[in-house]
$ cat upload27.txt   # compact mmCIF, C-alpha atoms
# COMPACT_ATOMS: atom_id res chain seq x y z
CA MET A 9 98.94 54.12 48.09
CA ARG A 10 101.82 51.71 48.59
CA ILE A 11 101.49 48.26 47.01
CA LEU A 12 103.92 45.46 47.76
CA GLY A 13 104.76 43.23 44.82
CA MET A 14 105.32 39.57 45.59
CA SER A 15 105.68 36.73 43.11
CA PHE A 16 105.81 32.98 43.37
CA GLY A 17 107.20 30.18 41.29
CA GLN A 18 104.86 27.90 39.37
CA LYS A 19 103.92 27.06 35.81
CA THR A 20 102.59 30.09 34.04
CA GLU A 21 101.05 28.50 30.97
CA VAL A 22 97.69 30.23 30.76
CA ARG A 23 94.50 28.31 30.18
CA GLN A 24 92.12 31.26 30.50
CA ALA A 25 92.55 34.93 31.32
CA VAL A 26 90.48 38.04 31.97
CA THR A 27 92.13 41.43 31.76
CA VAL A 28 90.77 44.95 31.89
CA ASN A 29 93.36 46.00 29.33
CA SER A 30 91.91 43.84 26.55
CA PRO A 31 89.20 45.45 24.36
CA ASP A 32 87.09 42.31 24.71
CA PHE A 33 86.99 42.68 28.45
CA MET A 34 86.96 46.46 28.94
CA GLU A 35 83.40 46.32 30.14
CA VAL A 36 84.08 43.50 32.60
CA PHE A 37 85.06 45.82 35.43
CA GLY A 38 82.76 48.65 34.45
CA LEU A 39 85.72 51.00 34.12
CA SER A 40 85.52 51.86 30.44
CA SER A 41 83.39 54.33 28.50
CA LEU A 42 80.36 52.35 27.42
CA ALA A 43 77.59 53.61 25.16
CA SER A 44 74.01 52.80 26.09
CA ALA A 45 71.16 52.13 23.68
CA SER A 46 70.29 55.83 23.83
CA GLY A 47 73.81 56.74 22.70
CA ILE A 48 74.78 58.27 26.05
CA THR A 49 78.22 57.19 27.24
CA VAL A 50 78.04 55.62 30.69
CA THR A 51 81.06 55.58 33.00
CA VAL A 52 81.33 55.00 36.72
CA ASP A 53 82.02 58.71 37.30
CA LYS A 54 79.01 59.80 35.23
CA ALA A 55 76.77 57.21 36.89
CA LEU A 56 77.73 58.57 40.31
CA GLY A 57 76.50 61.95 39.08
CA VAL A 58 72.97 60.55 39.33
CA PRO A 59 71.95 61.32 42.95
CA ALA A 60 70.10 58.02 43.52
CA ILE A 61 73.14 55.97 42.38
CA TRP A 62 75.43 58.12 44.54
CA ALA A 63 73.16 57.62 47.55
CA ALA A 64 72.87 53.84 47.07
CA VAL A 65 76.63 53.28 46.74
CA ASN A 66 77.53 55.52 49.67
CA PHE A 67 74.82 54.14 51.92
CA ILE A 68 75.64 50.45 51.47
CA ALA A 69 79.43 50.95 51.44
CA GLY A 70 79.28 53.20 54.49
CA THR A 71 77.10 50.74 56.37
CA MET A 72 79.45 47.84 55.61
CA ALA A 73 82.39 49.93 56.80
CA SER A 74 80.70 50.97 60.04
CA PHE A 75 80.37 47.48 61.55
CA PRO A 76 83.09 46.57 64.07
CA LEU A 77 85.24 43.81 62.53
CA ASN A 78 86.33 41.44 65.31
CA LEU A 79 88.56 38.37 65.58
CA PHE A 80 87.34 35.36 67.55
CA GLU A 81 88.88 32.10 68.74
CA ARG A 82 86.87 28.90 69.10
CA THR A 83 87.13 27.40 72.59
CA ASP A 84 85.62 24.45 74.44
CA GLU A 85 83.05 26.82 75.94
CA GLY A 86 82.12 28.31 72.58
CA ARG A 87 84.08 31.32 71.37
CA GLU A 88 86.18 34.10 72.82
CA ARG A 89 86.97 37.47 71.30
CA VAL A 90 90.65 38.12 70.62
CA SER A 91 91.51 41.78 71.08
CA ASP A 92 95.21 41.89 71.96
CA SER A 93 96.76 40.29 68.85
CA ALA A 94 98.32 42.14 65.92
CA LEU A 95 95.78 40.66 63.49
CA ALA A 96 92.84 41.71 65.66
CA MET A 97 94.10 45.31 65.77
CA THR A 98 94.78 45.26 62.02
CA LEU A 99 91.22 44.16 61.24
CA HIS A 100 89.50 46.36 63.81
CA ASP A 101 91.59 49.55 63.73
CA ALA A 102 94.04 50.05 60.84
CA VAL A 103 94.72 47.61 57.99
CA ASN A 104 98.00 49.32 57.04
CA ASP A 105 100.04 52.42 57.84
CA GLU A 106 97.88 54.58 55.56
CA MET A 107 94.34 53.32 55.93
CA SER A 108 91.90 52.58 58.74
CA SER A 109 89.70 49.51 58.74
CA PHE A 110 86.68 51.72 57.99
CA ASP A 111 88.38 53.35 55.00
CA TRP A 112 89.52 49.97 53.63
CA ARG A 113 86.06 48.42 53.73
CA LYS A 114 84.35 51.53 52.37
CA TYR A 115 86.83 51.70 49.48
CA THR A 116 86.38 47.99 48.76
CA PHE A 117 82.59 48.10 48.64
CA GLU A 118 82.57 51.32 46.62
CA ARG A 119 84.51 49.37 43.98
CA VAL A 120 82.15 46.40 44.28
CA LEU A 121 79.00 48.52 43.97
CA THR A 122 80.27 50.50 40.96
CA GLY A 123 82.75 48.57 38.83
CA GLY A 124 81.61 45.29 40.32
CA ARG A 125 84.69 43.98 42.13
CA GLY A 126 87.05 44.78 45.01
CA PHE A 127 90.56 43.34 45.54
CA THR A 128 92.84 43.40 48.59
CA PHE A 129 96.39 42.06 48.81
CA ILE A 130 97.31 40.27 52.07
CA GLU A 131 100.86 41.12 53.18
CA ARG A 132 102.50 38.51 55.44
CA ASP A 133 105.85 38.32 57.22
CA VAL A 134 108.38 35.49 56.86
CA ALA A 135 106.51 33.48 59.48
CA GLY A 136 103.28 33.72 57.47
CA ASP A 137 101.50 36.07 59.87
CA VAL A 138 99.36 38.84 58.41
CA THR A 139 100.93 42.28 58.83
CA SER A 140 98.88 44.53 56.52
CA LEU A 141 96.04 44.59 54.00
CA TRP A 142 96.43 46.67 50.82
CA PRO A 143 93.45 47.44 48.54
CA LEU A 144 94.22 47.14 44.82
CA ASN A 145 92.97 49.26 41.95
CA PRO A 146 90.71 46.92 39.91
CA ALA A 147 91.74 48.65 36.67
CA TRP A 148 95.25 47.21 37.04
CA VAL A 149 94.25 43.63 37.88
CA LYS A 150 94.45 40.76 35.38
CA ILE A 151 93.00 37.38 36.42
CA LYS A 152 94.28 34.13 34.92
CA ARG A 153 93.67 30.44 35.32
CA VAL A 154 96.87 28.50 34.70
CA VAL A 155 97.52 24.84 33.92
CA GLY A 156 96.27 22.76 36.82
CA GLY A 157 93.28 25.03 37.41
CA SER A 158 94.92 27.47 39.83
CA LYS A 159 93.77 31.09 39.70
CA ILE A 160 96.36 33.86 39.80
CA TYR A 161 96.16 37.64 39.87
CA GLU A 162 98.57 39.91 37.99
CA TYR A 163 98.80 43.50 39.22
CA ARG A 164 100.09 45.86 36.52
CA GLU A 165 100.58 49.19 38.27
CA PRO A 166 101.92 51.77 35.78
CA GLY A 167 105.64 52.39 36.22
CA ARG A 168 106.18 49.26 38.32
CA ALA A 169 107.03 45.65 37.64
CA VAL A 170 104.11 43.24 37.32
CA ALA A 171 103.31 41.57 40.65
CA THR A 172 101.84 38.06 40.56
CA TYR A 173 99.70 36.80 43.43
CA LYS A 174 98.17 33.46 44.29
CA ALA A 175 94.44 33.36 44.95
CA SER A 176 95.17 32.81 48.65
CA GLU A 177 96.91 36.21 48.76
CA ILE A 178 93.96 38.20 47.41
CA ILE A 179 90.67 39.00 49.12
CA ASP A 180 88.30 39.08 46.13
CA ILE A 181 84.75 40.44 46.54
CA PRO A 182 82.71 40.31 43.26
CA PHE A 183 79.24 41.74 42.74
CA MET A 184 78.25 38.80 40.51
CA LEU A 185 80.51 36.27 38.79
CA LYS A 186 80.03 35.14 35.21
CA ALA A 187 79.84 31.47 34.23
CA ASP A 188 83.64 31.13 33.82
CA GLY A 189 84.26 32.07 37.45
CA LEU A 190 86.82 34.70 36.43
CA ALA A 191 84.94 37.59 34.85
CA HIS A 192 82.07 39.33 36.56
CA MET A 193 79.13 41.64 35.92
CA GLY A 194 79.12 45.08 37.49
CA PRO A 195 75.86 46.85 38.37
CA ILE A 196 76.61 50.02 36.40
CA VAL A 197 77.74 48.34 33.18
CA THR A 198 75.00 45.71 33.24
CA ASN A 199 72.28 48.31 33.85
CA ARG A 200 73.80 51.06 31.70
CA ASP A 201 70.59 51.74 29.75
CA VAL A 202 68.50 52.68 32.78
CA ILE A 203 71.44 54.57 34.30
CA ALA A 204 71.85 56.47 31.01
CA LEU A 205 68.21 57.47 31.32
CA GLY A 206 69.00 59.03 34.71
CA ILE A 207 72.05 60.83 33.28
CA ALA A 208 69.93 62.19 30.41
CA ALA A 209 67.18 63.35 32.76
CA THR A 210 69.69 65.12 35.00
CA GLU A 211 71.37 66.84 32.04
CA PHE A 212 68.02 67.82 30.51
CA GLY A 213 66.82 69.39 33.75
CA SER A 214 70.09 71.27 34.17
CA LYS A 215 70.06 72.66 30.63
CA PHE A 216 66.35 73.53 30.81
CA PHE A 217 66.73 75.71 33.91
CA GLN A 218 70.05 77.08 32.70
CA ASN A 219 68.05 78.52 29.79
CA GLY A 220 65.65 80.26 32.16
CA GLY A 221 63.04 77.54 31.92
CA VAL A 222 62.46 78.29 28.22
CA PRO A 223 62.35 75.17 26.02
CA PRO A 224 64.28 75.11 22.71
CA PHE A 225 62.67 77.21 20.02
CA ALA A 226 63.02 78.13 16.32
CA VAL A 227 63.17 81.71 15.03
CA THR A 228 61.41 82.40 11.73
CA GLY A 229 61.43 85.55 9.61
CA ASN A 230 62.74 87.18 6.47
CA PHE A 231 66.53 86.93 6.63
CA VAL A 232 68.48 88.53 3.80
CA SER A 233 71.66 86.55 4.46
CA GLY A 234 73.13 83.73 6.51
CA GLY A 235 75.01 86.25 8.63
CA ALA A 236 71.80 88.06 9.49
CA MET A 237 70.20 84.80 10.50
CA THR A 238 73.13 83.94 12.79
CA ARG A 239 73.12 87.40 14.40
CA ALA A 240 69.38 87.22 15.00
CA ALA A 241 69.70 83.81 16.66
CA ASP A 242 72.52 85.05 18.91
CA ASP A 243 70.63 88.22 19.84
CA ILE A 244 67.44 86.36 20.75
CA SER A 245 69.32 83.72 22.74
CA ALA A 246 71.08 86.46 24.72
CA ALA A 247 67.78 88.29 25.22
CA VAL A 248 66.14 85.15 26.63
CA LYS A 249 68.93 84.60 29.15
CA ARG A 250 68.95 88.27 30.13
CA ALA A 251 65.19 88.29 30.65
CA ALA A 252 65.43 85.18 32.85
CA LYS A 253 68.25 86.71 34.89
CA GLU A 254 66.38 89.98 35.38
CA GLN A 255 63.09 88.13 36.02
CA ARG A 256 61.31 89.96 33.22
CA GLN A 257 58.15 88.40 31.80
CA ALA A 258 58.25 90.11 28.37
CA LEU A 259 60.60 89.43 25.47
CA VAL A 260 60.79 91.98 22.64
CA LEU A 261 61.44 90.65 19.12
CA PRO A 262 62.47 92.66 16.05
CA ALA A 263 59.74 93.23 13.50
CA GLY A 264 59.14 90.28 11.19
CA LEU A 265 60.55 87.64 13.56
CA ASP A 266 58.55 84.93 15.27
CA ILE A 267 59.34 82.18 17.78
CA LYS A 268 58.04 78.60 17.60
CA ALA A 269 58.73 76.10 20.39
CA LEU A 270 60.57 72.89 19.62
CA GLY A 271 60.16 69.67 21.58
CA VAL A 272 58.36 69.66 24.94
CA ASP A 273 58.92 71.37 28.25
CA ALA A 274 59.83 69.66 31.52
CA ALA A 275 56.21 69.26 32.64
CA LYS A 276 55.01 67.66 29.41
CA SER A 277 58.02 65.33 29.33
CA GLN A 278 57.06 64.22 32.89
CA LEU A 279 60.57 64.87 34.19
CA VAL A 280 59.51 64.65 37.83
CA GLU A 281 57.61 61.41 37.29
CA LEU A 282 60.58 59.97 35.40
CA LYS A 283 62.97 60.75 38.25
CA LYS A 284 60.61 59.05 40.73
CA PHE A 285 60.41 55.98 38.50
CA LEU A 286 64.22 55.85 38.23
CA ILE A 287 64.56 55.80 42.02
CA ALA A 288 62.52 52.59 42.03
CA GLU A 289 64.71 51.15 39.26
CA TYR A 290 67.94 51.94 41.10
CA SER A 291 66.45 50.48 44.28
CA ARG A 292 65.99 47.21 42.39
CA ILE A 293 69.59 47.23 41.12
CA TYR A 294 71.00 47.43 44.64
CA SER A 295 68.19 45.60 46.48
CA LEU A 296 67.80 48.75 48.52
CA PRO A 297 64.40 49.91 49.85
CA PRO A 298 63.41 53.33 48.41
CA THR A 299 63.33 54.78 51.92
CA PHE A 300 67.13 54.72 51.97
CA LEU A 301 67.25 56.76 48.76
CA GLN A 302 65.19 59.45 50.51
CA ASP A 303 62.01 58.51 48.66
CA LEU A 304 59.30 58.89 51.31
CA GLU A 305 56.40 59.61 48.97
CA HIS A 306 54.60 56.42 49.96
CA GLY A 307 56.31 56.03 53.32
CA THR A 308 54.40 55.46 56.52
CA PHE A 309 55.62 54.67 60.02
CA SER A 310 54.74 51.01 59.51
CA ASN A 311 56.12 50.30 56.04
CA THR A 312 59.26 52.40 56.64
CA GLU A 313 60.07 50.24 59.64
CA GLN A 314 59.52 47.11 57.53
CA GLN A 315 61.86 48.48 54.87
CA ASP A 316 64.46 48.92 57.60
CA LEU A 317 64.12 45.21 58.42
CA HIS A 318 64.27 44.34 54.71
CA PHE A 319 67.54 46.24 54.41
CA VAL A 320 69.13 44.26 57.25
CA LYS A 321 67.74 40.83 56.33
CA HIS A 322 67.99 40.84 52.55
CA THR A 323 70.60 43.43 51.58
CA ILE A 324 73.23 43.86 54.27
CA SER A 325 73.17 40.28 55.60
CA ARG A 326 74.25 38.74 52.30
CA TRP A 327 77.11 41.22 51.86
CA VAL A 328 78.23 40.57 55.44
CA GLN A 329 78.13 36.82 54.80
CA ALA A 330 80.10 37.12 51.54
CA PHE A 331 82.70 39.39 53.12
CA GLU A 332 83.18 37.27 56.27
CA GLN A 333 83.54 34.01 54.38
CA GLU A 334 86.02 35.45 51.87
CA VAL A 335 88.15 37.06 54.58
CA ASN A 336 88.13 33.90 56.73
CA LEU A 337 89.08 31.72 53.75
CA LYS A 338 91.96 33.94 52.64
CA LEU A 339 93.32 34.79 56.11
CA PHE A 340 93.11 31.37 57.75
CA GLY A 341 92.76 28.82 54.95
CA ARG A 342 90.17 26.19 54.15
CA GLY A 343 91.07 23.82 57.00
CA ASN A 344 91.02 26.43 59.77
CA ARG A 345 88.96 25.46 62.80
CA LYS A 346 90.41 27.85 65.37
CA PHE A 347 90.03 31.50 64.39
CA PHE A 348 87.38 33.42 62.49
CA VAL A 349 86.43 36.99 61.70
CA GLU A 350 82.93 38.35 62.27
CA MET A 351 81.19 41.68 61.77
CA ASN A 352 79.14 42.97 64.68
CA MET A 353 75.84 44.10 63.18
CA ASP A 354 74.49 45.27 66.54
CA GLY A 355 75.73 48.71 65.55
CA LEU A 356 72.63 49.10 63.37
CA LEU A 357 70.70 49.68 66.58
CA ARG A 358 73.18 52.23 67.89
CA GLY A 359 70.81 55.12 67.20
CA ASP A 360 67.74 53.41 68.74
CA PHE A 361 68.38 53.57 72.48
CA LYS A 362 65.01 52.21 73.64
CA THR A 363 65.07 49.16 71.35
CA ARG A 364 68.65 48.45 72.35
CA MET A 365 67.89 48.63 76.07
CA ASP A 366 64.75 46.52 75.72
CA GLY A 367 66.77 43.88 73.89
CA TYR A 368 69.44 43.80 76.61
CA ALA A 369 66.79 43.57 79.33
CA ALA A 370 65.02 40.65 77.66
CA ALA A 371 68.31 38.80 77.09
CA ILE A 372 69.47 39.27 80.69
CA GLN A 373 66.13 38.39 82.28
CA ASN A 374 65.86 35.20 80.25
CA GLY A 375 69.38 33.92 80.89
CA GLN A 376 70.72 34.59 77.37
CA MET A 377 73.24 37.27 78.33
CA THR A 378 75.07 38.37 81.48
CA PRO A 379 74.91 42.00 82.59
CA ASN A 380 78.61 42.41 81.87
CA GLU A 381 78.17 41.16 78.30
CA ALA A 382 75.53 43.85 77.78
CA ARG A 383 77.73 46.49 79.42
CA ARG A 384 80.64 45.63 77.12
CA MET A 385 78.42 46.17 74.09
CA GLU A 386 77.78 49.69 75.42
CA ASN A 387 81.51 50.26 76.09
CA ARG A 388 80.95 50.31 79.83
CA PRO A 389 83.26 48.70 82.44
CA ASP A 390 82.44 45.31 83.94
CA ASP A 391 80.73 45.07 87.30
CA GLU A 392 82.16 42.65 89.86
CA ASP A 393 78.78 40.93 90.21
CA GLY A 394 77.84 41.07 86.54
CA ASN A 395 79.18 37.73 85.26
CA LEU A 396 76.26 35.52 86.35
CA LEU A 397 73.40 34.41 84.14
CA MET A 398 70.06 35.34 85.68
CA ILE A 399 66.41 34.56 85.10
CA GLN A 400 63.10 35.97 86.33
CA GLY A 401 62.09 34.41 89.65
CA ALA A 402 58.51 33.83 88.52
CA THR A 403 59.68 31.59 85.68
CA VAL A 404 59.58 27.95 86.81
CA PRO A 405 59.28 24.59 85.02
CA ILE A 406 55.71 23.64 84.06
CA ARG A 407 55.92 20.33 85.92
CA ASN A 408 56.22 22.25 89.20
CA ASN A 409 52.62 23.41 88.76
CA LEU A 410 51.43 19.78 88.60
CA LEU A 411 52.74 18.84 92.05
CA PRO A 412 50.05 18.46 94.77
CA PRO A 413 49.79 21.46 97.08
CA THR A 414 51.31 21.13 100.55
CA GLY A 415 49.33 21.30 103.80
CA GLY A 416 45.76 20.27 104.40
CA ALA A 417 44.75 20.46 100.72
CA ALA A 418 47.13 17.62 99.96
CA ASN A 419 45.41 15.41 102.54
CA GLY A 420 41.95 16.15 101.21
CA SER A 421 40.99 18.41 104.14

$ encode --input "upload27.txt" --output "C-alpha cells"
Amino acid sequence: MRILGMSFGQKTEVRQAVTVNSPDFMEVFGLSSLASASGITVTVDKALGVPAIWAAVNFIAGTMASFPLNLFERTDEGRERVSDSALAMTLHDAVNDEMSSFDWRKYTFERVLTGGRGFTFIERDVAGDVTSLWPLNPAWVKIKRVVGGSKIYEYREPGRAVATYKASEIIDIPFMLKADGLAHMGPIVTNRDVIALGIAATEFGSKFFQNGGVPPFAVTGNFVSGGAMTRAADDISAAVKRAAKEQRQALVLPAGLDIKALGVDAAKSQLVELKKFLIAEYSRIYSLPPTFLQDLEHGTFSNTEQQDLHFVKHTISRWVQAFEQEVNLKLFGRGNRKFFVEMNMDGLLRGDFKTRMDGYAAAIQNGQMTPNEARRMENRPDDEDGNLLMIQGATVPIRNNLLPPTGGAANGS
C-alpha cells in the first residue's frame, strides 16, 4: 500500500503524546499481546478466532462498506447530487489507484471494531482539491498535541521517513475516546477477559475432540522406574487416539494399570451453554442483536424483525453519523456550507423487494417523491413524464367537506 508523506511547518514542542510504540500505551490501539485475568494472551488475531467476534466485525464493517457514498451540493431548492466530479467518483468508486471505496471503508471499520481506531490520509493537489484517500496502519501512528493545542499525527512506517500530518489531513474514526481526547479504548482490549473466555472455550473444545472425546486422565499402577512410567503413558495415549480413529469402544490396558479421569468433560463443564452465553456478551460489546451472530435459539418472526430495526436505528445509524460528520469536516472544513457527503442507507432494503416497492408507492401517491426519483433508486432510466409530484385524487382538504352541497339541497329543497 502506497503512503504519501507530507509535512508542514509549525512549532513541534509537544504538550501531550500518545504512541503505540511506548510500553505505557501499547494497549491503547489493541495491537499488543495482552494477558487477561485468566492468563490467556489476547490479541486481535486470536480474538478474531472466536467465531462470534469474527461475525460481528465482518457484519458491521461489511454493512458500512456496502452503502453508496454520495456527494451532494446544497442549492436554493434543497440539494442536488453531484456525480460527475473527481471527488464524487473518488468517494463512490475508488479512493485511490489500489483500493475501491468499498475496500477502504471495510478496512477502516475492521480497524475500528478490533483495535479501536481507523486512520485515513487525505491526499490533495497543489490547488487543494482531494485526489486520493490512503488508509493508514494504526500501529504506525503517533498522536501528539503541540503547543497551542493543535493535534498532529506522525506516521512512522518502517524503512521510511516520518511523515507528519495536521488533523485536517487525517480522517480519524475512534471506537471510544479517552478523557484526554487523544488515546482511545478498543473493544477487544477493553473486554479482553470475556474474549479470553471465548478463546479458552474454543481451544478446550478443539483439544477435547482431538483426543477422541476422552477427557484428561491419570494412569496408576506399579512402575519399576521413571522410564517405564513414561513408556506406559505414551502407549496409553497412543492407544486412546487409535481407538478413537478406528471407532473402537474398548481400550485394553496392561495388567496392573488403571485409569482415573481428571477434570470434567465437555458436558459437565457446560461448554455449549457457555458458548451461548458468550454470544450474548459479544452482542453487548458491539451493540449487535444476537440474530446477526446467527443465534436464532429464541428467534421468532416478530422479534427477529424488531432486531433488524434495532440494528438500523441503534447500531448502524450512529456509525453512519460519526463517519459522515468526520469525512465532511476533514474534506470540506468547519465553515463549509456548500458540499456534503452522505451514505445512502436505502440499500438495507435491497433484498426486500415488496417492502421497497410499497415504500416507493406510498411516497409517490402522497407527493413525497416523483416516479423518476424512485426509478433512479432502482437504477432505471427516467421517464419523460416522471418528473411531476402526484397525489391520490380522493385526497382533498378537510374544509372542502364543510362546504354546502350544490343544487336543491343547498336551497333547502

$ residues_around --input "upload27.txt" --residues "Leu296 (chain A)" --least-positions-apart "3" --cutoff "8 Å" --atoms "only C-alpha atoms" --output "list of chain:residue names"
A:Ala64, A:Ser291, A:Arg292, A:Ile293, A:Phe300, A:Phe319, A:Thr323

$ atom_distance --input "upload27.txt" --atom1 "CA of Ile196 (chain A)" --atom2 "CA of Arg113 (chain A)"
19.8 Å

$ atom_distance --input "upload27.txt" --atom1 "CA of Ala330 (chain A)" --atom2 "CA of Ile68 (chain A)"
14.1 Å

$ residues_around --input "upload27.txt" --residues "Pro389 (chain A)" --least-positions-apart "6" --cutoff "12 Å" --atoms "all atoms listed in the file" --output "list in words"
Pro379, Asn380, Glu381, Ala382 and Arg383 of chain A

$ residues_around --input "upload27.txt" --residues "Gln400 (chain A)" --least-positions-apart "2" --cutoff "8 Å" --atoms "only C-alpha atoms" --output "PyMOL selection string"
chain A and resi 373-374+398+402-403

$ residues_around --input "upload27.txt" --residues "region 168-180 of chain A" --least-positions-apart "5" --cutoff "7 Å" --atoms "only C-alpha atoms" --output "PyMOL selection string"
chain A and resi 13-15+126-130+159-163+334-335+338

$ write_last_selection --input "upload27.txt" --atoms "C-alpha atoms" --output "compact mmCIF listing (two decimals), in the coordinates of the input"
# COMPACT_ATOMS: atom_id res chain seq x y z
CA GLY A 13 104.76 43.23 44.82
CA MET A 14 105.32 39.57 45.59
CA SER A 15 105.68 36.73 43.11
CA GLY A 126 87.05 44.78 45.01
CA PHE A 127 90.56 43.34 45.54
CA THR A 128 92.84 43.40 48.59
CA PHE A 129 96.39 42.06 48.81
CA ILE A 130 97.31 40.27 52.07
CA LYS A 159 93.77 31.09 39.70
CA ILE A 160 96.36 33.86 39.80
CA TYR A 161 96.16 37.64 39.87
CA GLU A 162 98.57 39.91 37.99
CA TYR A 163 98.80 43.50 39.22
CA GLU A 334 86.02 35.45 51.87
CA VAL A 335 88.15 37.06 54.58
CA LYS A 338 91.96 33.94 52.64

$ atom_distance --input "upload27.txt" --atom1 "CA of Glu350 (chain A)" --atom2 "CA of Gly194 (chain A)"
26.0 Å

$ closest_residue --input "upload27.txt" --among "A:Val103, A:Val65, A:Ala55, A:Ala246" --to "Gly206 (chain A)" --atoms "all atoms listed in the file"
A:Ala55

$ closest_residue --input "upload27.txt" --among "A:Ala204, A:Met72, A:Ile324, A:Met193" --to "Gly124 (chain A)" --atoms "all atoms listed in the file"
A:Met193

$ residues_around --input "upload27.txt" --residues "Trp62 (chain A)" --least-positions-apart "6" --cutoff "10 Å" --atoms "all atoms listed in the file" --output "ChimeraX atom specification"
/A:53,55-56,122,301

$ axis_aligned_box --input "upload27.txt" --around "region 138-142 of chain A" --padding-each-side "3 Å" --output "AutoDock Vina command-line options"
--center_x 98.5 --center_y 42.8 --center_z 54.8 --size_x 10.9 --size_y 13.8 --size_z 14.0

$ closest_residue --input "upload27.txt" --among "A:Leu141, A:Leu205, A:Leu79, A:Ala187" --to "Met107 (chain A)" --atoms "all atoms listed in the file"
A:Leu141

$ build_atoms --input "upload27.txt" --residues "region 77-89 of chain A" --atoms "N, CA, C and O atoms" --output "compact mmCIF listing (two decimals), keeping the file's coordinate frame"
# COMPACT_ATOMS: atom_id res chain seq x y z
N LEU A 77 84.74 45.05 63.10
CA LEU A 77 85.24 43.81 62.53
C LEU A 77 86.13 43.15 63.58
O LEU A 77 87.24 43.63 63.86
N ASN A 78 85.66 42.06 64.17
CA ASN A 78 86.33 41.44 65.31
C ASN A 78 86.88 40.06 64.98
O ASN A 78 86.36 39.35 64.11
N LEU A 79 87.93 39.69 65.70
CA LEU A 79 88.56 38.37 65.58
C LEU A 79 88.16 37.51 66.77
O LEU A 79 88.20 37.97 67.92
N PHE A 80 87.77 36.27 66.50
CA PHE A 80 87.34 35.36 67.55
C PHE A 80 88.15 34.06 67.48
O PHE A 80 88.63 33.66 66.42
N GLU A 81 88.24 33.41 68.64
CA GLU A 81 88.88 32.10 68.74
C GLU A 81 87.86 31.10 69.28
O GLU A 81 87.15 31.38 70.25
N ARG A 82 87.77 29.94 68.62
CA ARG A 82 86.87 28.90 69.10
C ARG A 82 87.48 28.21 70.31
O ARG A 82 88.65 27.82 70.31
N THR A 83 86.68 28.06 71.35
CA THR A 83 87.13 27.40 72.59
C THR A 83 86.17 26.28 72.95
O THR A 83 85.14 26.10 72.30
N ASP A 84 86.50 25.53 73.99
CA ASP A 84 85.62 24.45 74.44
C ASP A 84 84.29 25.00 74.93
O ASP A 84 83.26 24.31 74.87
N GLU A 85 84.30 26.23 75.43
CA GLU A 85 83.05 26.82 75.94
C GLU A 85 82.25 27.53 74.85
O GLU A 85 81.13 27.96 75.09
N GLY A 86 82.82 27.63 73.67
CA GLY A 86 82.12 28.31 72.58
C GLY A 86 83.09 29.15 71.77
O GLY A 86 83.79 28.64 70.91
N ARG A 87 83.15 30.44 72.06
CA ARG A 87 84.08 31.32 71.37
C ARG A 87 84.49 32.44 72.30
O ARG A 87 83.77 32.80 73.24
N GLU A 88 85.66 33.01 72.01
CA GLU A 88 86.18 34.10 72.82
C GLU A 88 86.78 35.15 71.89
O GLU A 88 87.54 34.84 70.97
N ARG A 89 86.44 36.40 72.14
CA ARG A 89 86.97 37.47 71.30
C ARG A 89 88.44 37.69 71.58
O ARG A 89 88.87 37.75 72.74
